[in-house]
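Remarks on the structure that follows.
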Amino acid sequence: MFSVEPKKRVALLGLMLESNSFAPVTGRDDFLKRLYVAGEEFRAELNRSESKVPAELLSFCATMNSTIEWEPVPILIGLVEAGGPIDHEFFEEVLVEMRARLEAAGALDGVYICNHGAMITTQERDPDGVIFSMVRQIVGPDVPVVATLDLHGNVSDRMVEMANVIVSYQTNPHVDMVARGKDAADALNEMFYGLRPAAAIIRLPVTPPTVTLLTETGPYADLINYGQTRLGPDIVNISILGGFAYADTPKNGLAIIVTARSGKQAAQRVAEDIARYAWKDHERYVPRLTTLEEAVARAVRSGQDADSEPVILADVADNPGGGANGNTTWILEALVKSGAKGAVLGIFNDPALAQEAMDRGEGARFRAVFNRVEPDSFSRRFEADATVLRIRDGDCVGRRGFYSGRRLNLGTTVLLDLGGVQVVVVSIRTQCADPVFLEMMGIDIAKARSVIVKSRGHFRAGFDEFFRADQVIEVDAPGLSSPVLSRFDFKHLPRPVFPIDRDVTWPRS
């Protein structure tokens, strides 16, 4: 008689938030607007053709389906746009629910944690580590635990200790989530058949500004590429995380995590080699931005001169994907006052303005007030005469890059014409990383003379069919996600740290 091997039961869970310490608190309602499901509701979301579940989680499940007899055990998944610290009371409620569902799940053969890695709460600087520790406490020391993280995650020693394998993204803009979900599944499957890997982490005194962490060109691209050359038969995974400075934690710092089959010493040797390579390039992590005045002048010139190439302006300091509100008016006001023509700005987060435009209806002319209630010192009030061109419900599916294939809801969405500048106004804060956010409003991006996006880098993978890299202008304007880190009052970063501090040495004595 042949014995049938029982299905491997794998718990799935995650809480994905990239926290900006300087942004408004993130609460339950913010998650409910994007994704917050547990148990059977989680299972149903996994099976939707246009799911809201992170791509790496879907890929993990697809890989498991194709390689092994297994049973997914959906625990809880929450996902929200980057924002401020998560409300600690809500976090504790999530933790209690995760724990209860894990304990009720019975015997497990493995766990997959799908987190971002840069979350903080209003009271805790390492909630990702708290989740990892809770999982390990419940399943015990022998059950394999794998995790995927965004490359902007801030990794603590506790996280590395509690998980067997940590896999981070390798591309920025993030377009490799499917590959990383597969990596996590492959590692878990290997552990089912005896692998017991060991990991080493080295954290450098460098907090790279977000705009220096692109992986097509630049210092981080070179580092990621070098790291992958150190893969070999003994190395399970090499993850190099640039981190997220605005989280402001003691665990901040460019982190190299190496996982080896033969033991921690082998992992440590490879990690040290990569760390030395990273440190020799650390002075390249200084942002180079274009002044607001020069950027607007470029946009105005593109609108006036048909022979001038169109440009795309990135409002990197007001990137919702970095926790900003997506509603600063510095660039918008300058464009209107300069008489710019053929300009499109998206997407501007102002639920009150979107609601008023919807109430007035398409074709209405009115005095549009942006930020009628100023939420912070960056989001100042601005008024302009406007015409309502289009109104939509904001439900859409991502077309390219970061959001490709994912169902999204921007809330009530309107297109306003301010003369030579058109503005897409949304009701749910989201970064403008996908051209569908403009196209669903009837905008022909190919005909725009300038496009202004509230995004730091993910727009590059969405809009690269319209704009080459040399047509991109990163604007130095005020905002909660400014790449000029010296403008922030950090409280918890390990100091000294480059580039905020310039007199930094490594290794530290």
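Just remember, in the structure tokens the first chain shown is A, the second B, etc., residues are 1-based per chain, and ligands are 1-based in the order shown.
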Can you check which parts of segment 231-302 of chain A lie within 9 Å of segment 148-160 of chain A? Per residue, the shortest pair of atoms and distance in Å to one decimal, counting only C-alpha atoms, sorted by chain and number, as CSV.
residue,atom,partner,partner_atom,distance
A:Ser239,CA,A:Leu151,CA,8.1
A:Ile240,CA,A:Leu151,CA,7.0
A:Leu241,CA,A:Leu151,CA,4.5
A:Gly242,CA,A:His152,CA,5.5
A:Gly243,CA,A:His152,CA,4.0
A:Phe244,CA,A:His152,CA,5.0
A:Ala245,CA,A:Asn154,CA,8.6
A:Ala247,CA,A:Asn154,CA,8.3
A:Thr249,CA,A:Asn154,CA,8.1
A:Pro250,CA,A:Ser156,CA,8.8
A:Lys251,CA,A:Ser156,CA,5.5
A:Asn252,CA,A:Asn154,CA,5.5
A:Gly253,CA,A:Asn154,CA,7.2
A:Leu254,CA,A:Asn154,CA,8.1
A:Ala255,CA,A:Val155,CA,7.1
A:Ile257,CA,A:Val160,CA,8.2
Requested in this report: Do a neighbour search on Gly218 of chain A at 12 Å with only C-alpha atoms, toss out local chain neighbours closer than 3 positions, and write the hits as a PyMOL selection string.
Outcome: chain A and resi 172+208+211-215+221-225+281-288
Can you write out the residues you just picked, keeping C-alpha atoms, as a JSON list (two decimals), in the first residue's frame?
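Now in again-v4.json:
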[["chain", "number", "residue", "atom", "x", "y", "z"],
["A", 172, "ASN", "CA", 12.36, 49.98, -7.07],
["A", 208, "PRO", "CA", 19.29, 56.54, 2.12],
["A", 211, "VAL", "CA", 14.94, 59.03, -4.35],
["A", 212, "THR", "CA", 18.43, 57.45, -4.13],
["A", 213, "LEU", "CA", 17.02, 53.93, -3.89],
["A", 214, "LEU", "CA", 16.14, 53.37, -7.54],
["A", 215, "THR", "CA", 17.33, 50.03, -8.90],
["A", 221, "ALA", "CA", 21.14, 49.55, -8.21],
["A", 222, "ASP", "CA", 24.86, 48.79, -8.14],
["A", 223, "LEU", "CA", 24.57, 47.36, -4.62],
["A", 224, "ILE", "CA", 21.57, 45.15, -5.41],
["A", 225, "ASN", "CA", 23.34, 43.82, -8.50],
["A", 281, "ASP", "CA", 29.58, 53.93, -2.05],
["A", 282, "HIS", "CA", 27.77, 55.50, 0.89],
["A", 283, "GLU", "CA", 28.50, 59.10, -0.14],
["A", 284, "ARG", "CA", 26.45, 58.58, -3.32],
["A", 285, "TYR", "CA", 23.24, 58.52, -1.25],
["A", 286, "VAL", "CA", 22.70, 62.27, -1.44],
["A", 287, "PRO", "CA", 19.54, 63.46, -3.25],
["A", 288, "ARG", "CA", 19.78, 65.84, -6.20]]
Query raised in the report: Tell me, which residues of segment 197-266 of chain A carry DSSP strand (DSSP E), written as a ChimeraX atom specification?
Result: /A:198-203,235-241,255-260
Report task. Apply DSSP to the backbone of this structure and, from segment 62-207 of chain A, keep only the residues in helix (DSSP H, G or I); write these as number ranges by chain. Result -> A: 62-67, 88-104, 127-139, 157-162, 177-192
Report task. Quick one: pull the distance between atom CA of Ala297 of chain A and atom CA of Trp330 of chain A, Å, one decimal. Result -> 13.7 Å
Requested in this report: Skip Asp393 of chain A itself and residues of its chain fewer than 4 positions away, then list as a list of chain:residue names all residues within 10 Å of it, counting only C-alpha atoms.
Outcome: A:Met358, A:Asn409, A:Leu410, A:Gly411, A:Thr412, A:Thr413, A:Val414, A:Val426, A:Ser427
Requested in this report: Rounded to one decimal place, report the atom CA of Met119 of chain A-atom CA of Arg9 of chain A distance in Å.
Outcome: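 Interatomic distance here is 27.7 Å.
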Query raised in the report: Using only C-alpha atoms, which residues sit within 10 Å of Gly346 of chain A once same-chain residues fewer than 4 positions away are excluded, as a VMD selection string?
Result: chain A and resid 326 to 327 415 422 to 426 431 to 433 435 437 to 438 451 to 455
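Take atom CA of Ser377 of chain A and atom CA of Arg495 of chain A: the distance between them is 27.2 Å.
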Query raised in the report: Which one of A:Val300, A:Ala82, A:Leu57, A:Ala23 sits closest to Gly322 of chain A if you count only C-alpha atoms?
Result: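 Result for the nearest residue to Gly322 of chain A: A:Ala82.
Of the listed residues A:Glu465, A:Glu309, A:Glu93, A:Asp350, the one whose atoms come nearest to Arg399 of chain A is A:Glu465, with distances taken using only C-alpha atoms.
Of the residues listed (A:Val388, A:Ile113, A:Leu15, A:Ala461), A:Val388 shows the shortest atom-to-atom separation from Asp359 of chain A; distances use only C-alpha atoms.
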